[in-house]
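Peer 1: Structure file upload33.pdb, PDB, C-alpha atoms (C1' of nucleotides), is pasted below:
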```pdb
ATOM      1  CA  MET A 178      -9.086   3.614  13.766
ATOM      2  CA  VAL A 179      -9.840   7.284  13.374
ATOM      3  CA  HIS A 180     -12.635   8.055  10.924
ATOM      4  CA  ASP A 181     -11.643  11.358   9.416
ATOM      5  CA  ALA A 182     -12.223  10.249   5.831
ATOM      6  CA  PRO A 183     -14.547   7.937   3.898
ATOM      7  CA  MET A 184     -13.402   4.363   3.268
ATOM      8  CA  PRO A 185     -11.034   4.232   0.269
ATOM      9  CA  GLN A 186     -12.571   2.801  -2.902
ATOM     10  CA  ARG A 187      -9.320   1.496  -4.256
ATOM     11  CA  PRO A 188      -6.505  -0.412  -2.559
ATOM     12  CA  LEU A 189      -3.961   2.052  -1.210
ATOM     13  CA  LYS A 190      -0.263   1.477  -1.649
ATOM     14  CA  PRO A 191       2.096   1.142   1.328
ATOM     15  CA  ILE A 192       2.066   4.365   3.290
ATOM     16  CA  LEU A 193       5.041   6.682   2.898
ATOM     17  CA  PRO A 194       7.222   4.022   1.264
ATOM     18  CA  PRO A 195      10.675   4.059   2.870
ATOM     19  CA  SER A 196      13.269   5.974   0.872
ATOM     20  CA  PRO A 197      16.609   4.458  -0.121
ATOM     21  CA  SER A 198      18.200   6.253   2.805
ATOM     22  CA  GLY A 199      15.528   5.005   5.215
ATOM     23  CA  CYS A 200      15.091   8.515   6.598
ATOM     24  CA  PRO A 201      11.424   9.350   7.338
ATOM     25  CA  MET A 202      12.060  12.995   6.538
ATOM     26  CA  ASP A 203      13.360  11.961   3.141
ATOM     27  CA  SER A 204      10.146  10.018   2.488
ATOM     28  CA  LEU A 205       7.995  12.971   3.415
ATOM     29  CA  LEU A 206      10.045  15.371   1.333
ATOM     30  CA  ARG A 207       9.910  13.100  -1.717
ATOM     31  CA  LEU A 208       6.161  13.274  -1.397
ATOM     32  CA  ILE A 209       5.552  16.990  -0.981
ATOM     33  CA  MET A 210       8.520  17.895  -3.171
ATOM     34  CA  GLY A 211       6.771  17.173  -6.454
ATOM     35  CA  GLN A 212       5.830  20.108  -8.624
ATOM     36  CA  TRP A 213       2.328  21.451  -7.926
ATOM     37  CA  THR A 214       1.949  19.307  -4.821
ATOM     38  CA  CYS A 215       2.156  22.117  -2.300
ATOM     39  CA  TYR A 216      -0.104  24.278  -4.395
ATOM     40  CA  ILE A 217      -2.730  21.518  -4.499
ATOM     41  CA  LEU A 218      -2.563  21.119  -0.734
ATOM     42  CA  TRP A 219      -2.740  24.852  -0.254
ATOM     43  CA  VAL A 220      -5.867  25.174  -2.405
ATOM     44  CA  LEU A 221      -7.583  22.301  -0.606
ATOM     45  CA  CYS A 222      -6.633  23.834   2.740
ATOM     46  CA  SER A 223      -7.724  27.373   2.054
ATOM     47  CA  GLN A 224     -10.759  26.655  -0.122
ATOM     48  CA  GLY A 225     -11.930  23.381   1.383
ATOM     49  CA  PRO A 226     -12.653  20.002  -0.263
ATOM     50  CA  GLN A 227     -13.453  20.175  -3.943
ATOM     51  CA  ARG A 228     -14.016  18.126  -7.062
ATOM     52  CA  PHE A 229     -11.406  17.184  -9.644
ATOM     53  CA  GLY A 230     -12.481  19.694 -12.266
ATOM     54  CA  THR A 231     -12.756  22.566  -9.805
ATOM     55  CA  LEU A 232      -9.333  21.792  -8.434
ATOM     56  CA  LYS A 233      -7.862  21.726 -11.915
ATOM     57  CA  ARG A 234      -9.459  25.053 -12.824
ATOM     58  CA  ASN A 235      -8.157  26.543  -9.584
ATOM     59  CA  ILE A 236      -4.580  25.696 -10.566
ATOM     60  CA  PRO A 237      -3.942  27.201 -14.014
ATOM     61  CA  GLY A 238      -1.321  25.365 -16.049
ATOM     62  CA  LEU A 239      -1.725  22.073 -14.206
ATOM     63  CA  SER A 240      -2.559  19.161 -16.529
ATOM     64  CA  ALA A 241      -5.059  16.437 -15.693
ATOM     65  CA  LYS A 242      -2.307  13.859 -15.918
ATOM     66  CA  VAL A 243      -0.096  15.433 -13.282
ATOM     67  CA  LEU A 244      -3.055  16.321 -11.089
ATOM     68  CA  THR A 245      -4.176  12.695 -11.099
ATOM     69  CA  GLU A 246      -0.662  11.505 -10.262
ATOM     70  CA  ARG A 247      -0.365  13.898  -7.345
ATOM     71  CA  LEU A 248      -3.794  13.087  -5.962
ATOM     72  CA  ARG A 249      -3.017   9.361  -6.061
ATOM     73  CA  LEU A 250       0.270   9.817  -4.213
ATOM     74  CA  LEU A 251      -1.309  12.041  -1.592
ATOM     75  CA  GLU A 252      -4.182   9.621  -1.155
ATOM     76  CA  ASP A 253      -1.767   6.722  -0.710
ATOM     77  CA  ALA A 254       0.018   8.708   1.981
ATOM     78  CA  ARG A 255      -3.337   9.316   3.731
ATOM     79  CA  ILE A 256      -2.895  13.057   3.346
ATOM     80  CA  LEU A 257      -5.968  13.364   1.134
ATOM     81  CA  TYR A 258      -9.171  11.402   1.015
ATOM     82  CA  ARG A 259     -11.062  10.627  -2.168
ATOM     83  CA  GLU A 260     -14.841  10.399  -2.211
ATOM     84  CA  HIS A 261     -16.236   8.865  -5.375
ATOM     85  CA  VAL A 262     -19.945   8.912  -6.246
ATOM     86  CA  PRO A 263     -20.449   6.720  -9.346
ATOM     87  CA  SER A 264     -23.271   8.838 -10.753
ATOM     88  CA  ILE A 265     -23.501  10.062 -14.329
ATOM     89  CA  PRO A 266     -21.487  12.156 -14.704
ATOM     90  CA  PRO A 267     -19.233  10.793 -11.957
ATOM     91  CA  GLN A 268     -18.556  12.947  -8.926
ATOM     92  CA  VAL A 269     -15.189  12.778  -7.177
ATOM     93  CA  THR A 270     -14.314  15.014  -4.256
ATOM     94  CA  TYR A 271     -10.909  15.443  -2.651
ATOM     95  CA  GLY A 272     -10.127  16.873   0.764
ATOM     96  CA  LEU A 273      -7.514  16.963   3.506
ATOM     97  CA  THR A 274      -7.470  14.192   6.098
ATOM     98  CA  ASP A 275      -6.374  14.835   9.679
ATOM     99  CA  ARG A 276      -2.862  14.067   8.537
ATOM    100  CA  GLY A 277      -3.183  16.575   5.758
ATOM    101  CA  LYS A 278      -4.314  19.267   8.159
ATOM    102  CA  GLU A 279      -1.456  18.457  10.514
ATOM    103  CA  LEU A 280       1.024  18.652   7.668
ATOM    104  CA  LEU A 281      -0.317  22.006   6.536
ATOM    105  CA  THR A 282      -0.001  23.337  10.074
ATOM    106  CA  ALA A 283       3.681  22.424  10.202
ATOM    107  CA  MET A 284       4.237  23.820   6.731
ATOM    108  CA  ASP A 285       2.636  27.070   7.768
ATOM    109  CA  GLU A 286       5.677  27.730   9.962
ATOM    110  CA  LEU A 287       7.856  27.378   6.891
ATOM    111  CA  PHE A 288       5.521  29.693   5.034
ATOM    112  CA  LYS A 289       5.837  32.383   7.692
ATOM    113  CA  ILE A 290       9.615  32.159   7.500
ATOM    114  CA  ALA A 291       9.586  32.328   3.706
ATOM    115  CA  LYS A 292       7.365  35.397   3.792
ATOM    116  CA  ARG A 293       9.448  37.188   6.428
ATOM    117  CA  TRP A 294      12.665  36.531   4.505
ATOM    118  CA  GLN A 295      11.103  37.818   1.330
ATOM    119  CA  ASP A 296      10.080  41.014   3.098
ATOM    120  CA  GLU A 297      13.535  41.407   4.659
ATOM    121  CA  ASP A 298      15.182  40.881   1.288
ATOM    122  CA  ALA A 299      12.900  43.442  -0.339
ATOM    123  CA  GLU A 300      13.965  46.004   2.291
ATOM    124  CA  GLU A 301      17.603  45.128   1.704
ATOM    125  CA  SER A 302      17.131  45.660  -2.027
ATOM    126  CA  VAL A 303      15.680  49.106  -1.367
ATOM    127  CA  ALA A 304      18.640  49.890   0.899
ATOM    128  CA  ASP A 305      21.037  48.782  -1.831
ATOM    129  CA  TYR A 306      19.208  50.964  -4.318
ATOM    130  CA  ASP A 307      19.295  54.004  -2.024
ATOM    131  CA  ARG A 308      22.984  53.469  -1.299
ATOM    132  CA  TYR A 309      23.724  53.289  -5.004
ATOM    133  CA  ASN A 310      21.621  56.272  -6.005
ATOM    134  CA  GLY A 311      22.525  58.517  -3.042
TER     135      GLY A 311
ATOM    136  CA  MET B 194      23.101  44.335   9.408
ATOM    137  CA  VAL B 195      23.434  41.215  11.499
ATOM    138  CA  HIS B 196      26.919  39.719  11.474
ATOM    139  CA  ASP B 197      26.326  36.017  11.730
ATOM    140  CA  ALA B 198      28.624  35.116   8.854
ATOM    141  CA  PRO B 199      31.846  36.367   7.262
ATOM    142  CA  MET B 200      31.606  38.775   4.340
ATOM    143  CA  PRO B 201      30.914  36.884   1.104
ATOM    144  CA  GLN B 202      33.912  36.607  -1.222
ATOM    145  CA  ARG B 203      31.853  36.408  -4.377
ATOM    146  CA  PRO B 204      28.861  38.456  -5.537
ATOM    147  CA  LEU B 205      25.689  36.742  -4.358
ATOM    148  CA  LYS B 206      22.708  36.407  -6.638
ATOM    149  CA  PRO B 207      19.321  37.906  -5.759
ATOM    150  CA  ILE B 208      18.074  36.345  -2.563
ATOM    151  CA  LEU B 209      15.353  33.735  -2.902
ATOM    152  CA  PRO B 210      14.542  34.715  -6.499
ATOM    153  CA  PRO B 211      10.768  35.031  -6.925
ATOM    154  CA  SER B 212       9.185  31.952  -8.462
ATOM    155  CA  PRO B 213       6.892  32.157 -11.514
ATOM    156  CA  SER B 214       3.918  31.965  -9.192
ATOM    157  CA  GLY B 215       5.312  34.748  -6.973
ATOM    158  CA  CYS B 216       4.600  32.663  -3.893
ATOM    159  CA  PRO B 217       7.375  32.955  -1.263
ATOM    160  CA  MET B 218       6.692  29.403  -0.102
ATOM    161  CA  ASP B 219       7.260  28.215  -3.646
ATOM    162  CA  SER B 220      10.640  29.950  -3.709
ATOM    163  CA  LEU B 221      11.684  28.366  -0.453
ATOM    164  CA  LEU B 222      10.510  24.922  -1.509
ATOM    165  CA  ARG B 223      12.336  25.137  -4.833
ATOM    166  CA  LEU B 224      15.449  25.747  -2.808
ATOM    167  CA  ILE B 225      15.282  23.022  -0.176
ATOM    168  CA  MET B 226      13.546  20.596  -2.539
ATOM    169  CA  GLY B 227      16.668  19.667  -4.491
ATOM    170  CA  GLN B 228      18.120  16.239  -3.973
ATOM    171  CA  TRP B 229      20.723  16.062  -1.168
ATOM    172  CA  THR B 230      19.900  19.601  -0.004
ATOM    173  CA  CYS B 231      18.210  18.598   3.225
ATOM    174  CA  TYR B 232      20.890  16.052   3.947
ATOM    175  CA  ILE B 233      23.587  18.705   3.518
ATOM    176  CA  LEU B 234      21.767  21.038   5.878
ATOM    177  CA  TRP B 235      21.241  18.234   8.343
ATOM    178  CA  VAL B 236      24.925  17.330   8.398
ATOM    179  CA  LEU B 237      25.974  20.957   8.845
ATOM    180  CA  CYS B 238      23.410  21.332  11.627
ATOM    181  CA  SER B 239      24.259  18.218  13.585
ATOM    182  CA  GLN B 240      28.019  18.132  12.998
ATOM    183  CA  GLY B 241      28.789  21.853  12.798
ATOM    184  CA  PRO B 242      30.583  23.859  10.094
ATOM    185  CA  GLN B 243      32.966  21.880   7.924
ATOM    186  CA  ARG B 244      35.121  21.997   4.841
ATOM    187  CA  PHE B 245      34.126  20.948   1.343
ATOM    188  CA  GLY B 246      35.984  17.654   1.337
ATOM    189  CA  THR B 247      34.749  16.654   4.787
ATOM    190  CA  LEU B 248      31.198  17.459   3.808
ATOM    191  CA  LYS B 249      31.511  15.387   0.663
ATOM    192  CA  ARG B 250      32.926  12.431   2.582
ATOM    193  CA  ASN B 251      30.111  12.724   5.110
ATOM    194  CA  ILE B 252      27.506  12.287   2.369
ATOM    195  CA  PRO B 253      28.315   9.066   0.504
ATOM    196  CA  GLY B 254      27.191   9.053  -3.110
ATOM    197  CA  LEU B 255      27.097  12.820  -3.455
ATOM    198  CA  SER B 256      29.240  14.097  -6.327
ATOM    199  CA  ALA B 257      31.392  17.220  -6.146
ATOM    200  CA  LYS B 258      29.381  18.764  -8.952
ATOM    201  CA  VAL B 259      26.042  18.532  -7.206
ATOM    202  CA  LEU B 260      27.533  19.474  -3.850
ATOM    203  CA  THR B 261      28.971  22.647  -5.372
ATOM    204  CA  GLU B 262      25.634  23.503  -6.987
ATOM    205  CA  ARG B 263      23.763  23.063  -3.724
ATOM    206  CA  LEU B 264      26.254  25.055  -1.696
ATOM    207  CA  ARG B 265      26.079  27.944  -4.177
ATOM    208  CA  LEU B 266      22.282  28.029  -4.064
ATOM    209  CA  LEU B 267      22.197  27.876  -0.277
ATOM    210  CA  GLU B 268      24.838  30.571  -0.032
ATOM    211  CA  ASP B 269      22.863  32.811  -2.391
ATOM    212  CA  ALA B 270      19.837  32.355  -0.174
ATOM    213  CA  ARG B 271      21.911  33.315   2.891
ATOM    214  CA  ILE B 272      21.215  29.952   4.470
ATOM    215  CA  LEU B 273      24.876  28.992   4.444
ATOM    216  CA  TYR B 274      27.996  31.077   4.707
ATOM    217  CA  ARG B 275      31.214  30.308   2.857
ATOM    218  CA  GLU B 276      34.573  31.094   4.392
ATOM    219  CA  HIS B 277      37.452  30.929   1.947
ATOM    220  CA  VAL B 278      41.093  31.016   3.027
ATOM    221  CA  PRO B 279      43.240  31.249  -0.145
ATOM    222  CA  SER B 280      46.069  29.214   1.324
ATOM    223  CA  ILE B 281      47.777  26.337  -0.413
ATOM    224  CA  PRO B 282      45.960  24.057  -0.456
ATOM    225  CA  PRO B 283      42.856  26.269  -0.317
ATOM    226  CA  GLN B 284      40.605  26.016   2.699
ATOM    227  CA  VAL B 285      36.860  26.540   2.339
ATOM    228  CA  THR B 286      34.483  26.118   5.236
ATOM    229  CA  TYR B 287      30.699  26.068   5.097
ATOM    230  CA  GLY B 288      28.271  26.574   7.961
ATOM    231  CA  LEU B 289      24.703  27.545   8.789
ATOM    232  CA  THR B 290      23.830  31.221   9.090
ATOM    233  CA  ASP B 291      21.148  32.434  11.488
ATOM    234  CA  ARG B 292      18.677  31.905   8.672
ATOM    235  CA  GLY B 293      19.914  28.385   8.226
ATOM    236  CA  LYS B 294      19.456  27.621  11.902
ATOM    237  CA  GLU B 295      15.967  29.121  11.839
ATOM    238  CA  LEU B 296      15.059  27.028   8.805
ATOM    239  CA  LEU B 297      16.311  23.865  10.443
ATOM    240  CA  THR B 298      14.223  24.599  13.529
ATOM    241  CA  ALA B 299      11.059  24.866  11.432
ATOM    242  CA  MET B 300      11.958  21.754   9.487
ATOM    243  CA  ASP B 301      12.413  19.854  12.705
ATOM    244  CA  GLU B 302       8.638  20.053  13.202
ATOM    245  CA  LEU B 303       8.178  18.369   9.838
ATOM    246  CA  PHE B 304      10.732  15.764  10.861
ATOM    247  CA  LYS B 305       8.812  14.937  14.036
ATOM    248  CA  ILE B 306       5.623  14.485  12.017
ATOM    249  CA  ALA B 307       7.357  12.288   9.456
ATOM    250  CA  LYS B 308       8.788  10.103  12.196
ATOM    251  CA  ARG B 309       5.493   9.754  14.037
ATOM    252  CA  TRP B 310       3.639   8.812  10.855
ATOM    253  CA  GLN B 311       6.244   6.228  10.017
ATOM    254  CA  ASP B 312       5.844   4.677  13.460
ATOM    255  CA  GLU B 313       2.049   4.726  13.176
ATOM    256  CA  ASP B 314       2.207   3.114   9.760
ATOM    257  CA  ALA B 315       4.537   0.421  11.025
ATOM    258  CA  GLU B 316       2.028  -0.421  13.780
ATOM    259  CA  GLU B 317      -0.779  -0.499  11.224
ATOM    260  CA  SER B 318       1.225  -2.905   9.084
ATOM    261  CA  VAL B 319       1.652  -5.216  12.053
ATOM    262  CA  ALA B 320      -2.092  -5.013  12.729
ATOM    263  CA  ASP B 321      -2.804  -5.886   9.078
ATOM    264  CA  TYR B 322      -0.416  -8.817   9.324
ATOM    265  CA  ASP B 323      -2.034 -10.125  12.538
ATOM    266  CA  ARG B 324      -5.518  -9.761  11.067
ATOM    267  CA  TYR B 325      -4.464 -11.719   7.982
ATOM    268  CA  ASN B 326      -2.658 -14.477   9.828
ATOM    269  CA  GLY B 327      -5.158 -14.887  12.669
TER     270      GLY B 327
ATOM    271  C1'  DA C 185     -26.489  17.902 -34.729
ATOM    272  C1'  DA C 186     -22.666  19.395 -32.484
ATOM    273  C1'  DA C 187     -20.237  20.809 -28.573
ATOM    274  C1'  DA C 188     -19.214  20.691 -23.684
ATOM    275  C1'  DC C 189     -18.947  18.382 -19.152
ATOM    276  C1'  DC C 190     -17.352  14.775 -16.025
ATOM    277  C1'  DA C 191     -12.904  12.279 -14.302
ATOM    278  C1'  DG C 192      -9.733  10.591 -15.831
ATOM    279  C1'  DT C 193      -6.282   7.182 -19.228
ATOM    280  C1'  DT C 194      -2.860   6.272 -22.769
ATOM    281  C1'  DA C 195       0.885   7.144 -25.912
ATOM    282  C1'  DC C 196       4.377  10.159 -27.364
ATOM    283  C1'  DT C 197       7.728  13.956 -26.889
ATOM    284  C1'  DT C 198      10.572  17.143 -24.420
ATOM    285  C1'  DT C 199      13.622  18.927 -21.012
ATOM    286  C1'  DG C 200      16.016  19.650 -17.081
ATOM    287  C1'  DA C 201      18.418  17.617 -13.403
ATOM    288  C1'  DA C 202      21.615  14.341 -11.886
ATOM    289  C1'  DG C 203      25.557  11.195 -12.795
ATOM    290  C1'  DT C 204      30.319  10.285 -14.778
ATOM    291  C1'  DG C 205      34.833  11.152 -15.939
ATOM    292  C1'  DC C 206      38.618  14.060 -16.739
ATOM    293  C1'  DC C 207      41.022  18.488 -15.893
ATOM    294  C1'  DT C 208      43.420  22.292 -12.996
ATOM    295  C1'  DA C 209      47.860  23.979  -9.864
ATOM    296  C1'  DC C 210      50.294  23.577  -5.989
ATOM    297  C1'  DT C 211      51.929  20.882  -1.837
ATOM    298  C1'  DT C 212      52.721  17.059   1.065
ATOM    299  C1'  DT C 213      53.330  12.269   1.705
ATOM    300  C1'  DT C 214      54.985   7.728   0.381
TER     301       DT C 214
ATOM    302  C1'  DA D 246      59.169   9.723  -8.898
ATOM    303  C1'  DA D 247      54.617   9.022  -8.186
ATOM    304  C1'  DA D 248      50.467   9.401  -5.711
ATOM    305  C1'  DA D 249      47.153  11.818  -2.987
ATOM    306  C1'  DG D 250      44.792  15.868  -1.142
ATOM    307  C1'  DT D 251      42.726  20.621  -1.916
ATOM    308  C1'  DA D 252      38.185  22.906  -4.081
ATOM    309  C1'  DG D 253      36.163  22.772  -7.529
ATOM    310  C1'  DG D 254      35.215  23.449 -13.374
ATOM    311  C1'  DC D 255      33.675  21.512 -17.769
ATOM    312  C1'  DA D 256      31.790  18.428 -21.245
ATOM    313  C1'  DC D 257      29.050  14.562 -22.091
ATOM    314  C1'  DT D 258      25.427  11.161 -21.211
ATOM    315  C1'  DT D 259      21.317   9.332 -19.173
ATOM    316  C1'  DC D 260      16.913   9.028 -17.369
ATOM    317  C1'  DA D 261      12.829  10.113 -14.990
ATOM    318  C1'  DA D 262       9.514  13.640 -14.631
ATOM    319  C1'  DA D 263       6.711  16.858 -16.818
ATOM    320  C1'  DG D 264       4.219  18.459 -20.877
ATOM    321  C1'  DT D 265       1.033  17.569 -24.983
ATOM    322  C1'  DA D 266      -2.573  15.645 -27.444
ATOM    323  C1'  DA D 267      -6.037  12.465 -28.309
ATOM    324  C1'  DC D 268      -9.509   9.410 -26.446
ATOM    325  C1'  DT D 269     -13.266   7.301 -23.285
ATOM    326  C1'  DG D 270     -18.979   7.135 -22.684
ATOM    327  C1'  DG D 271     -23.012   8.723 -21.201
ATOM    328  C1'  DT D 272     -25.538  13.218 -20.426
ATOM    329  C1'  DT D 273     -26.785  17.872 -20.764
ATOM    330  C1'  DT D 274     -26.594  22.229 -23.150
ATOM    331  C1'  DT D 275     -26.496  25.151 -27.253
TER     332       DT D 275
END
```
Rewrite the coordinates I just gave you, this time as structure tokens.

Peer 2:
Amino acid sequence: MVHDAPMPQRPLKPILPPSPSGCPMDSLLRLIMGQWTCYILWVLCSQGPQRFGTLKRNIPGLSAKVLTERLRLLEDARILYREHVPSIPPQVTYGLTDRGKELLTAMDELFKIAKRWQDEDAEESVADYDRYNG
Amino acid sequence: MVHDAPMPQRPLKPILPPSPSGCPMDSLLRLIMGQWTCYILWVLCSQGPQRFGTLKRNIPGLSAKVLTERLRLLEDARILYREHVPSIPPQVTYGLTDRGKELLTAMDELFKIAKRWQDEDAEESVADYDRYNG
DNA sequence: AAAACCAGTTACTTTGAAGTGCCTACTTTT
DNA sequence: AAAAGTAGGCACTTCAAAGTAACTGGTTTT
């Protein structure tokens, strides 16, 4: 077993539960597809592990309810770890596991593509504008 | 202009419309996130360009309504092209553009990861079972 | 004394996406 | 004569996901 995260303090659900279609890609997409999910991963990747409240403040508009849901799902999938110190007040830190880092690496390729397309489309819009306005 | 697809026969909407957050990744994810979308792309990638009816038959459970929606979105994003021959009966063929092929290449990395994780998790389940049953 | 912080949970409401069924207009097949 | 195929369009319903608000309990701050 690879120790890239502290031992979980709650029983984790089955990992990447198989989708109706049985396709592993489908399972993964169902997971990262959820609203806010990619943003959460992005913040944890670029700003490092952080506590619940910090994470919530870093993502304006995200409610505690949805944040909790997402964190649970990602923890179940072993993409995030959860480190809970039962002090008063309690202290809970979330961070990317090795899997999480690997996932972000693969998603970075998608990000590069998305950015390049956006730039290309912006140029095309300018060309359209110039063509229209002589 | 790169000619990897026939001229569109209907006005296309703005390409990858900017998301509320303005993040290009968010725009791309909103697009490929929709149910069935990845499956449609996968079928067009592995089986080549095909007509509406064929595509629908190749994806059991997918309704014409949703298929049409997806195809329109993907066409707007220049990921698919649409070739319409106004014969009787009409003949409409869909296929991946260069962008579509590029996207599928990047998504293949995600697919490999998803598959490997699923295999790893299956092994872990077996290990759990053996540990429990001695 | 009251408010804020911590990490959530619970109940209720809203809304947007997906599903379902029926329609087109013309041709070919049975 | 009737059914099926072609590529969808349109209206209606349903349901799960997201949003909203209130609450926890002990501690620190104002």

Peer 1: Using all atoms listed in the file, I'd like a table of the residues in chain A that come within 12 Å of chain D; for each, show the closest atom pair and its distance in Å rounded to one decimal, ordered by chain and ascending number, as JSON lines.

Peer 2:
```
{"residue": "A:Gly211", "atom": "CA", "partner": "D:DA262", "partner_atom": "C1'", "distance": 9.3}
{"residue": "A:Gln212", "atom": "CA", "partner": "D:DA263", "partner_atom": "C1'", "distance": 8.9}
{"residue": "A:Trp213", "atom": "CA", "partner": "D:DA263", "partner_atom": "C1'", "distance": 10.9}
{"residue": "A:Gly238", "atom": "CA", "partner": "D:DG264", "partner_atom": "C1'", "distance": 10.1}
{"residue": "A:Leu239", "atom": "CA", "partner": "D:DG264", "partner_atom": "C1'", "distance": 9.6}
{"residue": "A:Ser240", "atom": "CA", "partner": "D:DG264", "partner_atom": "C1'", "distance": 8.1}
{"residue": "A:Ala241", "atom": "CA", "partner": "D:DG264", "partner_atom": "C1'", "distance": 10.8}
{"residue": "A:Lys242", "atom": "CA", "partner": "D:DG264", "partner_atom": "C1'", "distance": 9.4}
{"residue": "A:Val243", "atom": "CA", "partner": "D:DA263", "partner_atom": "C1'", "distance": 7.8}
{"residue": "A:Leu244", "atom": "CA", "partner": "D:DA263", "partner_atom": "C1'", "distance": 11.3}
{"residue": "A:Glu246", "atom": "CA", "partner": "D:DA263", "partner_atom": "C1'", "distance": 11.2}
{"residue": "A:Ser264", "atom": "CA", "partner": "D:DG271", "partner_atom": "C1'", "distance": 10.5}
{"residue": "A:Ile265", "atom": "CA", "partner": "D:DG271", "partner_atom": "C1'", "distance": 7.0}
{"residue": "A:Pro266", "atom": "CA", "partner": "D:DT272", "partner_atom": "C1'", "distance": 7.1}
{"residue": "A:Pro267", "atom": "CA", "partner": "D:DG271", "partner_atom": "C1'", "distance": 10.2}
```

Peer 1: Please report, as CSV, each residue of chain C lying at most 10 Å from chain B, together with the nearest pair of atoms and the separation in Å rounded to one decimal; use all atoms listed in the file, and order rows by chain and ascending residue number.

Peer 2:
```
residue,atom,partner,partner_atom,distance
C:DA201,C1',B:Gly227,CA,9.3
C:DA202,C1',B:Val259,CA,7.7
C:DG203,C1',B:Ser256,CA,8.0
C:DT204,C1',B:Ser256,CA,9.3
C:DA209,C1',B:Pro282,CA,9.6
C:DC210,C1',B:Ile281,CA,6.7
C:DT211,C1',B:Pro282,CA,6.9
C:DT212,C1',B:Pro282,CA,9.8
```

Peer 1: When you draw a straight line from CA of Gly272 in chain A to CA of Trp219 in chain A, how long is it in Å?

Peer 2: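 Answer for the CA of Gly272 in chain A to CA of Trp219 in chain A separation: 10.9 Å.
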
Peer 1: Just the number, please: distance in Å from CA of Asn251 in chain B to CA of Pro201 in chain A, one decimal.

Peer 2: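 CA of Pro201 in chain A lies 19.1 Å from CA of Asn251 in chain B.
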
Peer 1: First collect every listed atom of range 249-261 of chain D; then fit an axis-aligned box around them, widen it by 8 Å on each side, and give centre and edge lengths in Å to one decimal, as lines of an AutoDock Vina configuration file.

Peer 2:
```
center_x = 30.0
center_y = 16.2
center_z = -11.6
size_x = 50.3
size_y = 30.4
size_z = 36.9
```

Peer 1: When you look at Glu286 in chain A with a cut-off of 9 Å (counting all atoms listed in the file), what residues show up, excluding the ones that are within fewer than 4 positions of it in the same chain? I need them as a ChimeraX atom specification.

Peer 2: /A:281-282,290-291 /B:299-300,302

Peer 1: Near chain A, meaning an atom within 10 Å, which residues of chain B appear when counting only C-alpha atoms? Write them as a PyMOL selection string.

Peer 2: chain B and resi 194+207-211+214+216-223+225-229+231-232+270-271+292+295-315+317-318

Peer 1: Given the file shown, determine the residues that the PyMOL selection byres ((chain A and resi 222-225) around 9) selects; report them as a list in words.

Peer 2: Ile217, Leu218, Trp219, Val220, Leu221, Pro226, Gln227, Tyr271, Gly272, Leu273, Gly277, Lys278 and Leu281 of chain A

Peer 1: Take the selection from the previous step and output its residues with C-alpha atoms, as a PDB file, in the coordinates of the input.

Peer 2:
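Printed below is result_10.pdb as written:
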```pdb
ATOM      1  CA  ILE A 217      -2.730  21.518  -4.499  1.00  0.00           C
ATOM      2  CA  LEU A 218      -2.563  21.119  -0.734  1.00  0.00           C
ATOM      3  CA  TRP A 219      -2.740  24.852  -0.254  1.00  0.00           C
ATOM      4  CA  VAL A 220      -5.867  25.174  -2.405  1.00  0.00           C
ATOM      5  CA  LEU A 221      -7.583  22.301  -0.606  1.00  0.00           C
ATOM      6  CA  PRO A 226     -12.653  20.002  -0.263  1.00  0.00           C
ATOM      7  CA  GLN A 227     -13.453  20.175  -3.943  1.00  0.00           C
ATOM      8  CA  TYR A 271     -10.909  15.443  -2.651  1.00  0.00           C
ATOM      9  CA  GLY A 272     -10.127  16.873   0.764  1.00  0.00           C
ATOM     10  CA  LEU A 273      -7.514  16.963   3.506  1.00  0.00           C
ATOM     11  CA  GLY A 277      -3.183  16.575   5.758  1.00  0.00           C
ATOM     12  CA  LYS A 278      -4.314  19.267   8.159  1.00  0.00           C
ATOM     13  CA  LEU A 281      -0.317  22.006   6.536  1.00  0.00           C
TER      14      LEU A 281
END
```
